[in-house]
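So this block is start_21.cif, mmCIF, C-alpha atoms (C1' of nucleotides):
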data_coords
loop_
_atom_site.label_atom_id
_atom_site.label_comp_id
_atom_site.auth_asym_id
_atom_site.auth_seq_id
_atom_site.Cartn_x
_atom_site.Cartn_y
_atom_site.Cartn_z
CA MET A 1304 0.00 0.00 0.00
CA PRO A 1305 1.25 3.43 -0.90
CA ALA A 1306 2.14 5.31 2.28
CA LYS A 1307 -0.21 8.20 2.75
CA SER A 1308 1.70 11.40 2.21
CA LYS A 1309 2.61 13.07 5.47
CA SER A 1310 1.44 16.37 4.09
CA ALA A 1311 -2.01 15.52 2.80
CA HIS A 1312 -3.38 18.99 3.26
CA ARG A 1313 -6.85 20.01 2.31
CA SER A 1314 -5.44 22.90 0.36
CA GLY A 1315 -2.20 24.81 0.11
CA CYS A 1316 -3.63 27.88 1.82
CA PRO A 1317 -1.52 28.85 4.82
CA VAL A 1318 -4.63 29.67 6.84
CA SER A 1319 -6.05 26.23 6.15
CA ILE A 1320 -2.82 24.56 7.21
CA CYS A 1321 -2.72 26.61 10.41
CA LEU A 1322 -6.18 25.38 11.25
CA GLU A 1323 -5.13 21.79 10.69
CA VAL A 1324 -2.33 22.28 13.20
CA PHE A 1325 -4.08 24.21 15.97
CA GLY A 1326 -7.65 24.78 14.80
CA ASP A 1327 -9.49 23.52 17.87
CA ARG A 1328 -10.76 24.77 21.18
CA TRP A 1329 -7.68 23.91 23.23
CA SER A 1330 -4.34 24.14 21.44
CA LEU A 1331 -4.02 27.91 21.50
CA LEU A 1332 -4.97 28.05 25.17
CA ILE A 1333 -1.94 25.93 25.97
CA VAL A 1334 0.19 28.25 23.87
CA ARG A 1335 -1.33 31.21 25.69
CA ASP A 1336 -0.53 29.66 29.07
CA LEU A 1337 3.07 29.13 28.04
CA MET A 1338 3.39 32.53 26.43
CA VAL A 1339 1.85 35.01 28.82
CA ARG A 1340 1.14 33.21 32.07
CA GLY A 1341 4.44 31.51 32.70
CA TYR A 1342 2.87 28.07 33.03
CA HIS A 1343 5.00 25.14 31.99
CA THR A 1344 3.66 21.95 33.54
CA PHE A 1345 0.79 19.58 32.85
CA LYS A 1346 -0.76 20.39 36.19
CA GLU A 1347 -0.68 24.12 35.61
CA PHE A 1348 -2.35 23.76 32.22
CA GLN A 1349 -4.98 21.55 33.80
CA GLN A 1350 -5.68 24.07 36.52
CA SER A 1351 -5.70 27.09 34.25
CA GLY A 1352 -9.45 27.44 34.66
CA GLU A 1353 -10.64 26.32 31.25
CA GLY A 1354 -11.51 22.80 32.35
CA ILE A 1355 -9.62 20.72 29.85
CA ALA A 1356 -9.77 16.96 30.43
CA SER A 1357 -6.47 15.25 31.14
CA ASN A 1358 -6.64 12.89 28.17
CA ILE A 1359 -7.33 15.76 25.80
CA LEU A 1360 -4.54 17.82 27.32
CA ALA A 1361 -2.10 14.94 26.92
CA GLY A 1362 -3.13 14.58 23.29
CA ARG A 1363 -2.75 18.26 22.55
CA LEU A 1364 0.67 18.44 24.14
CA GLN A 1365 1.77 15.55 21.94
CA LYS A 1366 0.36 17.18 18.85
CA LEU A 1367 1.96 20.54 19.62
CA GLU A 1368 5.28 18.83 20.24
CA ALA A 1369 4.99 16.89 16.99
CA ALA A 1370 4.28 20.18 15.21
CA GLU A 1371 7.40 21.62 16.86
CA ILE A 1372 5.48 24.39 18.54
CA ILE A 1373 6.53 23.25 22.00
CA THR A 1374 9.29 21.14 23.50
CA ALA A 1375 9.05 18.79 26.48
CA GLU A 1376 11.96 18.12 28.82
CA PRO A 1377 12.14 16.52 32.26
CA ASP A 1378 12.38 19.12 34.99
CA GLU A 1379 15.90 19.42 36.36
CA THR A 1380 14.93 19.67 40.00
CA ASP A 1381 11.91 17.34 40.09
CA GLY A 1382 12.00 14.10 38.14
CA ARG A 1383 8.23 13.75 38.13
CA SER A 1384 7.63 16.99 36.39
CA ILE A 1385 8.00 17.77 32.72
CA HIS A 1386 8.93 21.23 31.63
CA TYR A 1387 7.15 22.43 28.51
CA ARG A 1388 8.45 25.39 26.57
CA LEU A 1389 7.60 27.22 23.36
CA THR A 1390 9.93 26.81 20.42
CA GLU A 1391 10.78 29.72 18.15
CA LYS A 1392 7.95 28.54 15.92
CA GLY A 1393 5.73 28.62 18.97
CA ILE A 1394 6.67 32.10 20.13
CA ASP A 1395 6.00 33.26 16.59
CA LEU A 1396 2.34 32.68 17.36
CA ALA A 1397 2.43 35.75 19.60
CA PRO A 1398 0.95 38.08 16.96
CA VAL A 1399 -1.91 35.65 16.35
CA LEU A 1400 -2.69 35.40 20.06
CA LEU A 1401 -2.48 39.16 20.45
CA GLU A 1402 -4.93 39.76 17.63
CA LEU A 1403 -7.31 37.20 19.11
CA LEU A 1404 -7.03 38.95 22.45
CA ILE A 1405 -7.78 42.32 20.89
CA TRP A 1406 -10.70 41.04 18.84
CA GLY A 1407 -12.22 39.13 21.73
CA ALA A 1408 -11.92 42.03 24.11
CA LYS A 1409 -13.45 44.39 21.56
CA HIS A 1410 -16.36 42.27 20.41
CA GLU A 1411 -17.26 39.89 23.19
CA GLU A 1412 -17.99 40.28 26.86
CA THR A 1413 -14.82 39.19 28.51
CA GLY A 1414 -13.22 39.47 31.90
CA ALA A 1415 -10.44 41.64 30.55
CA PRO A 1416 -10.48 45.33 31.52
CA CYS A 1417 -11.28 47.47 28.49
CA ALA A 1418 -8.71 50.12 29.34
CA LEU A 1419 -5.90 47.59 29.47
CA MET A 1420 -7.01 46.06 26.18
CA ALA A 1421 -7.21 49.40 24.43
CA GLU A 1422 -3.70 50.09 25.58
CA MET A 1423 -2.48 46.75 24.28
CA ALA A 1424 -4.02 47.40 20.90
CA LYS A 1425 -2.07 50.65 20.75
CA ASN A 1426 1.23 49.22 21.92
CA ARG A 1427 1.19 46.15 19.74
CA GLU A 1428 4.84 46.21 18.82
CA ALA A 1429 6.07 46.92 22.32
CA ILE A 1430 4.03 44.07 23.72
CA LEU A 1431 5.26 41.63 21.11
CA ALA A 1432 8.83 42.69 21.79
CA GLU A 1433 8.37 42.23 25.53
CA THR A 1434 6.76 38.83 25.01
CA ARG A 1435 9.70 37.68 22.96
CA ARG A 1436 12.19 39.06 25.43
CA ARG A 1437 10.53 37.18 28.28
CA TRP A 1438 10.66 34.02 26.24
CA LYS A 1439 14.31 34.42 25.27
CA GLU A 1440 15.44 35.21 28.80
CA ARG A 1441 13.16 32.58 30.37
CA ASP A 1442 11.63 35.31 32.49
CA PRO A 1443 9.18 33.44 34.74
CA ASN A 1444 6.92 36.41 35.49
CA PRO A 1445 3.53 36.35 33.85
CA LEU A 1446 2.87 39.10 31.34
CA LEU A 1447 -0.86 38.92 31.92
CA PRO A 1448 -2.98 37.46 34.70
CA PRO A 1449 -5.81 35.02 34.05
CA PHE A 1450 -8.92 37.03 33.29
CA GLY A 1451 -11.66 35.65 35.47
CA LYS A 1452 -15.20 36.74 34.88
CA GLU A 1453 -14.99 39.50 37.42
CA SER A 1454 -11.30 40.14 37.25
CA LYS A 1455 -10.35 43.28 39.08
CA LEU A 1456 -6.80 44.46 38.88
CA SER A 1457 -7.73 47.42 41.09
CA MET B 1154 -35.27 24.75 35.92
CA PRO B 1155 -33.00 27.76 35.86
CA ALA B 1156 -32.30 28.71 32.27
CA LYS B 1157 -28.68 28.08 31.48
CA SER B 1158 -26.94 31.41 31.17
CA LYS B 1159 -26.39 32.42 27.58
CA SER B 1160 -22.83 33.34 28.38
CA ALA B 1161 -21.61 30.25 30.18
CA HIS B 1162 -18.02 30.70 29.18
CA ARG B 1163 -15.21 28.48 30.30
CA SER B 1164 -13.30 31.51 31.45
CA GLY B 1165 -13.34 35.23 30.93
CA CYS B 1166 -10.20 35.20 28.83
CA PRO B 1167 -10.82 36.86 25.46
CA VAL B 1168 -8.74 34.23 23.69
CA SER B 1169 -10.82 31.46 25.21
CA ILE B 1170 -14.03 33.15 24.16
CA CYS B 1171 -12.72 33.61 20.62
CA LEU B 1172 -12.04 29.90 20.45
CA GLU B 1173 -15.56 29.12 21.60
CA VAL B 1174 -16.88 31.21 18.74
CA PHE B 1175 -14.65 30.14 15.85
CA GLY B 1176 -12.17 27.64 17.28
CA ASP B 1177 -12.62 24.87 14.75
CA ARG B 1178 -11.29 23.77 11.38
CA TRP B 1179 -13.86 25.53 9.24
CA SER B 1180 -15.21 28.81 10.57
CA LEU B 1181 -12.20 30.95 9.73
CA LEU B 1182 -12.01 29.48 6.24
CA ILE B 1183 -15.48 30.82 5.55
CA VAL B 1184 -14.40 34.19 6.89
CA ARG B 1185 -11.31 34.02 4.67
CA ASP B 1186 -13.43 33.24 1.62
CA LEU B 1187 -15.65 36.21 2.32
CA MET B 1188 -12.77 38.50 3.15
CA VAL B 1189 -10.14 37.95 0.51
CA ARG B 1190 -11.67 35.80 -2.20
CA GLY B 1191 -14.90 37.61 -2.82
CA TYR B 1192 -17.03 34.52 -2.30
CA HIS B 1193 -20.49 35.08 -0.93
CA THR B 1194 -22.66 32.05 -1.62
CA PHE B 1195 -23.10 28.59 -0.15
CA LYS B 1196 -21.98 27.03 -3.37
CA GLU B 1197 -18.79 29.05 -3.58
CA PHE B 1198 -17.83 28.15 -0.03
CA GLN B 1199 -18.50 24.52 -0.82
CA GLN B 1200 -16.33 24.63 -3.92
CA SER B 1201 -13.50 26.57 -2.32
CA GLY B 1202 -11.28 23.51 -2.38
CA GLU B 1203 -11.19 22.61 1.29
CA GLY B 1204 -13.84 19.92 1.04
CA ILE B 1205 -16.33 21.00 3.68
CA ALA B 1206 -19.48 18.89 3.89
CA SER B 1207 -22.75 20.68 3.18
CA ASN B 1208 -24.28 19.97 6.59
CA ILE B 1209 -21.21 21.27 8.38
CA LEU B 1210 -21.13 24.33 6.17
CA ALA B 1211 -24.79 25.04 6.89
CA GLY B 1212 -24.12 24.69 10.60
CA ARG B 1213 -21.14 27.00 10.54
CA LEU B 1214 -22.98 29.65 8.58
CA GLN B 1215 -25.72 29.59 11.20
CA LYS B 1216 -23.23 29.83 14.03
CA LEU B 1217 -21.36 32.70 12.40
CA GLU B 1218 -24.60 34.52 11.79
CA ALA B 1219 -25.70 33.97 15.38
CA ALA B 1220 -22.35 35.37 16.51
CA GLU B 1221 -22.96 38.39 14.26
CA ILE B 1222 -19.80 37.79 12.28
CA ILE B 1223 -21.73 37.42 9.03
CA THR B 1224 -25.13 38.41 7.70
CA ALA B 1225 -27.33 36.46 5.31
CA GLU B 1226 -29.68 38.11 2.85
CA PRO B 1227 -31.54 36.79 -0.19
CA ASP B 1228 -29.79 37.71 -3.40
CA GLU B 1229 -31.55 40.54 -5.21
CA THR B 1230 -31.22 39.11 -8.69
CA ASP B 1231 -31.62 35.39 -7.94
CA GLY B 1232 -34.16 34.27 -5.38
CA ARG B 1233 -32.51 30.90 -4.86
CA SER B 1234 -29.25 32.37 -3.81
CA ILE B 1235 -28.35 33.81 -0.44
CA HIS B 1236 -25.80 36.54 -0.21
CA TYR B 1237 -23.48 36.25 2.79
CA ARG B 1238 -21.45 39.20 3.93
CA LEU B 1239 -19.09 40.04 6.77
CA THR B 1240 -20.31 42.39 9.46
CA GLU B 1241 -18.03 45.00 10.97
CA LYS B 1242 -17.30 42.47 13.68
CA GLY B 1243 -16.41 40.02 10.95
CA ILE B 1244 -14.11 42.31 9.02
CA ASP B 1245 -12.35 43.04 12.30
CA LEU B 1246 -11.03 39.49 12.06
CA ALA B 1247 -8.74 40.64 9.26
CA PRO B 1248 -5.70 41.08 11.52
CA VAL B 1249 -6.19 37.59 12.93
CA LEU B 1250 -6.40 36.07 9.45
CA LEU B 1251 -3.38 38.03 8.29
CA GLU B 1252 -1.26 36.83 11.21
CA LEU B 1253 -2.34 33.26 10.54
CA LEU B 1254 -1.39 33.69 6.92
CA ILE B 1255 2.02 35.05 7.84
CA TRP B 1256 2.70 32.35 10.43
CA GLY B 1257 1.56 29.55 8.17
CA ALA B 1258 3.60 30.76 5.25
CA LYS B 1259 6.67 31.14 7.42
CA HIS B 1260 6.53 27.87 9.30
CA GLU B 1261 4.65 25.37 7.18
CA GLU B 1262 4.94 24.22 3.62
CA THR B 1263 2.19 26.02 1.84
CA GLY B 1264 1.19 26.85 -1.69
CA ALA B 1265 1.75 30.53 -1.12
CA PRO B 1266 4.75 32.15 -2.81
CA CYS B 1267 7.34 33.14 -0.21
CA ALA B 1268 8.11 36.45 -1.87
CA LEU B 1269 4.49 37.54 -1.80
CA MET B 1270 4.16 36.51 1.84
CA ALA B 1271 7.29 38.36 2.89
CA GLU B 1272 5.90 41.43 1.26
CA MET B 1273 2.58 41.05 3.03
CA ALA B 1274 4.34 40.75 6.38
CA LYS B 1275 6.04 44.04 5.64
CA ASN B 1276 2.97 45.88 4.42
CA ARG B 1277 0.66 44.75 7.17
CA GLU B 1278 -1.10 48.04 7.64
CA ALA B 1279 -1.56 48.73 3.95
CA ILE B 1280 -3.06 45.31 3.38
CA LEU B 1281 -5.45 45.65 6.28
CA ALA B 1282 -6.51 49.07 5.01
CA GLU B 1283 -7.08 47.70 1.53
CA THR B 1284 -9.05 44.75 2.90
CA ARG B 1285 -11.32 47.07 4.80
CA ARG B 1286 -11.74 49.38 1.82
CA ARG B 1287 -12.79 46.47 -0.38
CA TRP B 1288 -15.30 45.41 2.23
CA LYS B 1289 -16.74 48.87 2.69
CA GLU B 1290 -17.10 49.53 -1.02
CA ARG B 1291 -18.29 45.99 -1.75
CA ASP B 1292 -15.44 45.61 -4.20
CA PRO B 1293 -16.00 42.16 -5.73
CA ASN B 1294 -12.39 41.59 -6.82
CA PRO B 1295 -10.46 39.01 -4.84
CA LEU B 1296 -7.50 40.34 -2.89
CA LEU B 1297 -5.75 37.00 -2.98
CA PRO B 1298 -6.18 33.92 -5.17
CA PRO B 1299 -6.69 30.44 -3.73
CA PHE B 1300 -3.26 28.96 -3.04
CA GLY B 1301 -3.23 25.52 -4.55
CA LYS B 1302 -0.38 23.20 -3.78
CA GLU B 1303 1.59 24.22 -6.84
CA SER B 1304 0.20 27.66 -7.26
CA LYS B 1305 2.12 29.68 -9.79
CA LEU B 1306 1.22 33.27 -10.24
CA SER B 1307 3.98 33.60 -12.83
"C1'" DC C 1155 -46.86 26.12 -18.78
"C1'" DT C 1156 -43.92 22.85 -17.56
"C1'" DA C 1157 -39.93 19.82 -17.36
"C1'" DA C 1158 -35.17 20.05 -16.30
"C1'" DC C 1159 -31.99 22.28 -13.53
"C1'" DT C 1160 -29.90 24.98 -9.77
"C1'" DT C 1161 -29.27 26.58 -5.02
"C1'" DA C 1162 -29.36 26.00 -0.29
"C1'" DC C 1163 -30.14 23.39 2.40
"C1'" DT C 1164 -31.94 18.69 5.58
"C1'" DT C 1165 -31.87 13.85 7.01
"C1'" DG C 1166 -29.97 9.42 8.32
"C1'" DC C 1167 -26.20 6.85 9.47
"C1'" DA C 1168 -21.34 5.48 10.52
"C1'" DA C 1169 -16.97 7.01 12.27
"C1'" DA C 1170 -14.15 10.01 14.88
"C1'" DA C 1171 -13.33 12.98 18.59
"C1'" DA C 1172 -14.37 14.97 23.07
"C1'" DA C 1173 -15.91 14.74 27.80
"C1'" DC C 1174 -16.15 12.24 32.10
"C1'" DA C 1175 -14.57 9.08 35.66
"C1'" DA C 1176 -11.14 6.05 37.25
"C1'" DG C 1177 -6.89 4.06 37.61
"C1'" DT C 1178 -1.66 3.62 37.32
"C1'" DA C 1179 3.57 4.08 37.11
"C1'" DG C 1180 7.39 6.38 38.59
"C1'" DA C 1181 9.47 10.06 41.53
"C1'" DT C 1182 9.40 12.39 45.93
"C1'" DT C 1183 8.40 13.77 50.64
"C1'" DG C 1184 7.76 12.94 55.56
"C1'" DC D 721 8.54 2.75 53.68
"C1'" DA D 722 3.99 4.75 53.43
"C1'" DA D 723 1.62 8.61 51.69
"C1'" DT D 724 1.63 11.94 48.18
"C1'" DC D 725 2.35 14.02 43.81
"C1'" DT D 726 2.93 14.36 38.71
"C1'" DA D 727 1.91 13.01 34.30
"C1'" DC D 728 -0.25 10.49 32.26
"C1'" DT D 729 -3.58 5.98 30.40
"C1'" DT D 730 -7.78 3.34 30.09
"C1'" DG D 731 -12.69 2.63 29.72
"C1'" DT D 732 -17.21 4.49 28.71
"C1'" DT D 733 -20.61 7.78 27.24
"C1'" DT D 734 -21.81 11.76 24.66
"C1'" DT D 735 -21.10 14.98 21.08
"C1'" DT D 736 -19.38 16.29 16.73
"C1'" DT D 737 -17.93 15.23 12.10
"C1'" DG D 738 -18.07 13.20 7.61
"C1'" DC D 739 -20.50 11.07 3.95
"C1'" DA D 740 -24.39 9.89 0.88
"C1'" DA D 741 -28.90 10.92 -0.28
"C1'" DG D 742 -32.82 13.54 -0.59
"C1'" DT D 743 -35.85 17.79 -0.83
"C1'" DA D 744 -38.11 22.43 -1.36
"C1'" DA D 745 -38.18 26.60 -3.52
"C1'" DG D 746 -36.65 29.50 -7.40
"C1'" DT D 747 -35.09 29.70 -12.23
"C1'" DT D 748 -34.29 28.71 -17.13
"C1'" DA D 749 -35.29 26.43 -21.73
"C1'" DG D 750 -38.64 24.94 -24.92
#

Just dump the structure as structure tokens.
Amino acid sequence: MPAKSKSAHRSGCPVSICLEVFGDRWSLLIVRDLMVRGYHTFKEFQQSGEGIASNILAGRLQKLEAAEIITAEPDETDGRSIHYRLTEKGIDLAPVLLELLIWGAKHEETGAPCALMAEMAKNREAILAETRRRWKERDPNPLLPPFGKESKLS
Amino acid sequence: MPAKSKSAHRSGCPVSICLEVFGDRWSLLIVRDLMVRGYHTFKEFQQSGEGIASNILAGRLQKLEAAEIITAEPDETDGRSIHYRLTEKGIDLAPVLLELLIWGAKHEETGAPCALMAEMAKNREAILAETRRRWKERDPNPLLPPFGKESKLS
DNA sequence: CTAACTTACTTGCAAAAAACAAGTAGATTG
DNA sequence: CAATCTACTTGTTTTTTGCAAGTAAGTTAG
């Protein structure tokens, strides 16, 4: 039997191929957690408040690793834990996430403060630069907090 | 029984809410077709080369309309046909689509010519402005062609 | 006027994926 | 060494998708 081509895409459109890689309800949330919240373990993803099931999470982590968007390495100080990290390809999703954030905050009722979002839309480039810096330097501080339904940053 | 809240979101995060609205393999392709290809009928979406099934397409069109991302109106010159169009909320997805396009073209093997994509990444603002102009003026000319696997624009 | 055709769907069914609830292996802590 | 913790896996049920037909309303050709 002729091996099915590894790249049997629906079409050659870049958007279509993106959606094949991470076009679902969960993948980009994992990327978000890694990118702006400083999460890097299975447990943290699971507790991030979205309610992903553990089998689905495991599957998504595998898929993202296979797509070379994240890497997985055993934690150096705790052998149980696995440290997930974005690759360069993964951090390049920052502009996509940022535009989703801006659109969502503008058009849907979210827990994100409007003022903060308006500012982010203005400072696009600065925020992307800061995101990348944090990634490069492994800065563990979150860039953004989780936005609960009634998030108040006072 | 207490009516289930209409906005029973997983979390208040704008990204999460975006994914609830169009986080699947098909929704953004319909938006793409409307935005840059000048498609506006059921049949055109169906024949756009991605292979969406008619029941799924019908479902997605309903969902997008319910989310106020598109509108549906009977065609003025052909009573069988329904004319779909992006709302303002829908055209505001242009930056998201553009970033997906750029990421996909950079990191995956696509049918889009690298040179063209590099140029688009540079002229982000101009392209977004042109996209919006086309939408506002109902310009029927496609901004981009479908990218087949061996697309050659010569 | 009407028969053939077109458009935008719907319906029924099988297959795949997601959600839910438990359980487990290996590392670690007390 | 017993209890705990982390990152999963394994069943099972429910939901979504994909595929093949079919249909209703509007249109065109004769």

Contact set, chain A to chain B: 7 Å, only C-alpha atoms, as a PyMOL selection string: chain A and resi 1313-1323+1326-1328+1332+1352-1353+1392+1396+1398-1399+1402-1404+1406-1408+1410+1413-1415+1449-1452

Residue hits in chain A, query chain D, radius 8 Å, all atoms listed in the file, as a VMD selection string: chain A and resid 1345 to 1346 1357 to 1358 1361 1383 to 1385

Distance limit 10 Å, atoms considered: all atoms listed in the file. Which chain C residues sit that close to chain A? Return them as an mmCIF file with C-alpha atoms (C1' of nucleotides), in the frame of the given file.
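Wrote part.cif, looks like this:
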data_model
loop_
_atom_site.group_PDB
_atom_site.id
_atom_site.type_symbol
_atom_site.label_atom_id
_atom_site.label_comp_id
_atom_site.auth_asym_id
_atom_site.auth_seq_id
_atom_site.Cartn_x
_atom_site.Cartn_y
_atom_site.Cartn_z
ATOM 1 C "C1'" DA C 1171 -13.330 12.980 18.590
ATOM 2 C "C1'" DA C 1172 -14.370 14.970 23.070
ATOM 3 C "C1'" DA C 1173 -15.910 14.740 27.800
ATOM 4 C "C1'" DC C 1174 -16.150 12.240 32.100
ATOM 5 C "C1'" DG C 1180 7.390 6.380 38.590
ATOM 6 C "C1'" DA C 1181 9.470 10.060 41.530
ATOM 7 C "C1'" DT C 1182 9.400 12.390 45.930
#

Mind doing a quick least-squares superposition of chain A onto chain B, all C-alpha atoms paired one-to-one in order, and writing it out as a compact mmCIF listing (two decimals) with C-alpha atoms, in the coordinates of the input?
# COMPACT_ATOMS: atom_id res chain seq x y z
CA MET A 1304 -35.38 24.78 35.85
CA PRO A 1305 -33.04 27.72 35.89
CA ALA A 1306 -32.29 28.76 32.32
CA LYS A 1307 -28.67 28.12 31.54
CA SER A 1308 -26.91 31.43 31.20
CA LYS A 1309 -26.35 32.38 27.59
CA SER A 1310 -22.80 33.31 28.40
CA ALA A 1311 -21.56 30.23 30.21
CA HIS A 1312 -17.96 30.70 29.21
CA ARG A 1313 -15.17 28.47 30.32
CA SER A 1314 -13.25 31.49 31.48
CA GLY A 1315 -13.31 35.22 30.97
CA CYS A 1316 -10.16 35.20 28.84
CA PRO A 1317 -10.80 36.86 25.49
CA VAL A 1318 -8.71 34.24 23.71
CA SER A 1319 -10.79 31.47 25.24
CA ILE A 1320 -14.01 33.15 24.18
CA CYS A 1321 -12.70 33.61 20.64
CA LEU A 1322 -12.02 29.91 20.46
CA GLU A 1323 -15.54 29.13 21.62
CA VAL A 1324 -16.88 31.23 18.76
CA PHE A 1325 -14.66 30.16 15.87
CA GLY A 1326 -12.17 27.66 17.29
CA ASP A 1327 -12.62 24.87 14.77
CA ARG A 1328 -11.28 23.75 11.44
CA TRP A 1329 -13.86 25.51 9.27
CA SER A 1330 -15.21 28.81 10.59
CA LEU A 1331 -12.20 30.94 9.74
CA LEU A 1332 -12.01 29.47 6.24
CA ILE A 1333 -15.48 30.81 5.56
CA VAL A 1334 -14.40 34.19 6.89
CA ARG A 1335 -11.31 34.01 4.69
CA ASP A 1336 -13.43 33.24 1.63
CA LEU A 1337 -15.64 36.22 2.33
CA MET A 1338 -12.76 38.50 3.17
CA VAL A 1339 -10.13 37.95 0.52
CA ARG A 1340 -11.65 35.81 -2.20
CA GLY A 1341 -14.89 37.62 -2.84
CA TYR A 1342 -17.01 34.52 -2.29
CA HIS A 1343 -20.48 35.07 -0.92
CA THR A 1344 -22.64 32.05 -1.63
CA PHE A 1345 -23.06 28.58 -0.16
CA LYS A 1346 -21.95 27.01 -3.40
CA GLU A 1347 -18.78 29.04 -3.60
CA PHE A 1348 -17.81 28.14 -0.04
CA GLN A 1349 -18.48 24.50 -0.84
CA GLN A 1350 -16.30 24.62 -3.91
CA SER A 1351 -13.48 26.56 -2.31
CA GLY A 1352 -11.27 23.48 -2.36
CA GLU A 1353 -11.20 22.60 1.31
CA GLY A 1354 -13.84 19.90 1.05
CA ILE A 1355 -16.30 20.96 3.69
CA ALA A 1356 -19.46 18.85 3.91
CA SER A 1357 -22.71 20.65 3.19
CA ASN A 1358 -24.27 19.92 6.58
CA ILE A 1359 -21.22 21.24 8.38
CA LEU A 1360 -21.12 24.32 6.17
CA ALA A 1361 -24.78 25.03 6.87
CA GLY A 1362 -24.12 24.71 10.59
CA ARG A 1363 -21.13 27.00 10.53
CA LEU A 1364 -22.96 29.66 8.56
CA GLN A 1365 -25.72 29.60 11.16
CA LYS A 1366 -23.25 29.84 14.00
CA LEU A 1367 -21.34 32.70 12.39
CA GLU A 1368 -24.59 34.53 11.76
CA ALA A 1369 -25.70 33.97 15.34
CA ALA A 1370 -22.35 35.37 16.49
CA GLU A 1371 -22.96 38.39 14.24
CA ILE A 1372 -19.81 37.80 12.26
CA ILE A 1373 -21.72 37.43 9.01
CA THR A 1374 -25.12 38.41 7.67
CA ALA A 1375 -27.32 36.44 5.27
CA GLU A 1376 -29.68 38.10 2.81
CA PRO A 1377 -31.52 36.76 -0.24
CA ASP A 1378 -29.77 37.71 -3.45
CA GLU A 1379 -31.52 40.56 -5.23
CA THR A 1380 -31.22 39.13 -8.72
CA ASP A 1381 -31.61 35.41 -7.99
CA GLY A 1382 -34.17 34.26 -5.45
CA ARG A 1383 -32.49 30.91 -4.95
CA SER A 1384 -29.24 32.36 -3.84
CA ILE A 1385 -28.35 33.80 -0.47
CA HIS A 1386 -25.79 36.52 -0.22
CA TYR A 1387 -23.49 36.24 2.77
CA ARG A 1388 -21.45 39.20 3.92
CA LEU A 1389 -19.09 40.03 6.76
CA THR A 1390 -20.32 42.39 9.45
CA GLU A 1391 -18.05 45.01 10.97
CA LYS A 1392 -17.30 42.48 13.70
CA GLY A 1393 -16.42 40.03 10.96
CA ILE A 1394 -14.11 42.32 9.02
CA ASP A 1395 -12.37 43.04 12.31
CA LEU A 1396 -11.03 39.51 12.09
CA ALA A 1397 -8.75 40.66 9.28
CA PRO A 1398 -5.70 41.10 11.54
CA VAL A 1399 -6.18 37.60 12.94
CA LEU A 1400 -6.41 36.07 9.47
CA LEU A 1401 -3.40 38.04 8.31
CA GLU A 1402 -1.28 36.84 11.20
CA LEU A 1403 -2.36 33.26 10.55
CA LEU A 1404 -1.42 33.69 6.91
CA ILE A 1405 2.00 35.05 7.83
CA TRP A 1406 2.68 32.36 10.41
CA GLY A 1407 1.54 29.55 8.16
CA ALA A 1408 3.55 30.76 5.22
CA LYS A 1409 6.64 31.15 7.40
CA HIS A 1410 6.51 27.88 9.27
CA GLU A 1411 4.65 25.37 7.15
CA GLU A 1412 4.94 24.22 3.58
CA THR A 1413 2.17 26.02 1.84
CA GLY A 1414 1.18 26.83 -1.69
CA ALA A 1415 1.71 30.53 -1.13
CA PRO A 1416 4.73 32.13 -2.81
CA CYS A 1417 7.30 33.13 -0.21
CA ALA A 1418 8.09 36.44 -1.86
CA LEU A 1419 4.47 37.53 -1.79
CA MET A 1420 4.14 36.50 1.84
CA ALA A 1421 7.27 38.34 2.89
CA GLU A 1422 5.88 41.41 1.24
CA MET A 1423 2.57 41.04 3.05
CA ALA A 1424 4.31 40.74 6.38
CA LYS A 1425 6.05 44.04 5.64
CA ASN A 1426 2.98 45.88 4.43
CA ARG A 1427 0.66 44.75 7.17
CA GLU A 1428 -1.09 48.05 7.65
CA ALA A 1429 -1.54 48.74 3.96
CA ILE A 1430 -3.04 45.32 3.40
CA LEU A 1431 -5.44 45.67 6.30
CA ALA A 1432 -6.50 49.07 5.02
CA GLU A 1433 -7.08 47.71 1.53
CA THR A 1434 -9.04 44.76 2.90
CA ARG A 1435 -11.32 47.08 4.80
CA ARG A 1436 -11.74 49.38 1.84
CA ARG A 1437 -12.79 46.47 -0.37
CA TRP A 1438 -15.29 45.42 2.24
CA LYS A 1439 -16.75 48.89 2.70
CA GLU A 1440 -17.08 49.53 -1.02
CA ARG A 1441 -18.29 45.98 -1.76
CA ASP A 1442 -15.43 45.62 -4.21
CA PRO A 1443 -15.98 42.18 -5.74
CA ASN A 1444 -12.38 41.59 -6.82
CA PRO A 1445 -10.46 39.03 -4.83
CA LEU A 1446 -7.50 40.34 -2.87
CA LEU A 1447 -5.77 36.99 -2.98
CA PRO A 1448 -6.21 33.91 -5.16
CA PRO A 1449 -6.71 30.44 -3.71
CA PHE A 1450 -3.30 28.97 -3.03
CA GLY A 1451 -3.28 25.53 -4.57
CA LYS A 1452 -0.43 23.20 -3.82
CA GLU A 1453 1.49 24.24 -6.87
CA SER A 1454 0.12 27.71 -7.25
CA LYS A 1455 2.06 29.71 -9.77
CA LEU A 1456 1.22 33.33 -10.21
CA SER A 1457 3.95 33.57 -12.86

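Put simply, atom CA of Ala1311 of chain A is 26.8 Å away from atom CA of Thr1194 of chain B.
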
Show me, as JSON, the centre and edge lengths in Å to one decimal of the axis-aligned box that covers every listed atom of segment 1282-1290 of chain B with 3 Å on each side.
{"center_x": -11.8, "center_y": 47.1, "center_z": 2.0, "size_x": 16.6, "size_y": 10.8, "size_z": 12.0}

Point-to-point distance in Å for atom CA of Leu1297 of chain B and atom CA of Ile1183 of chain B: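 So the answer is 14.3 Å.
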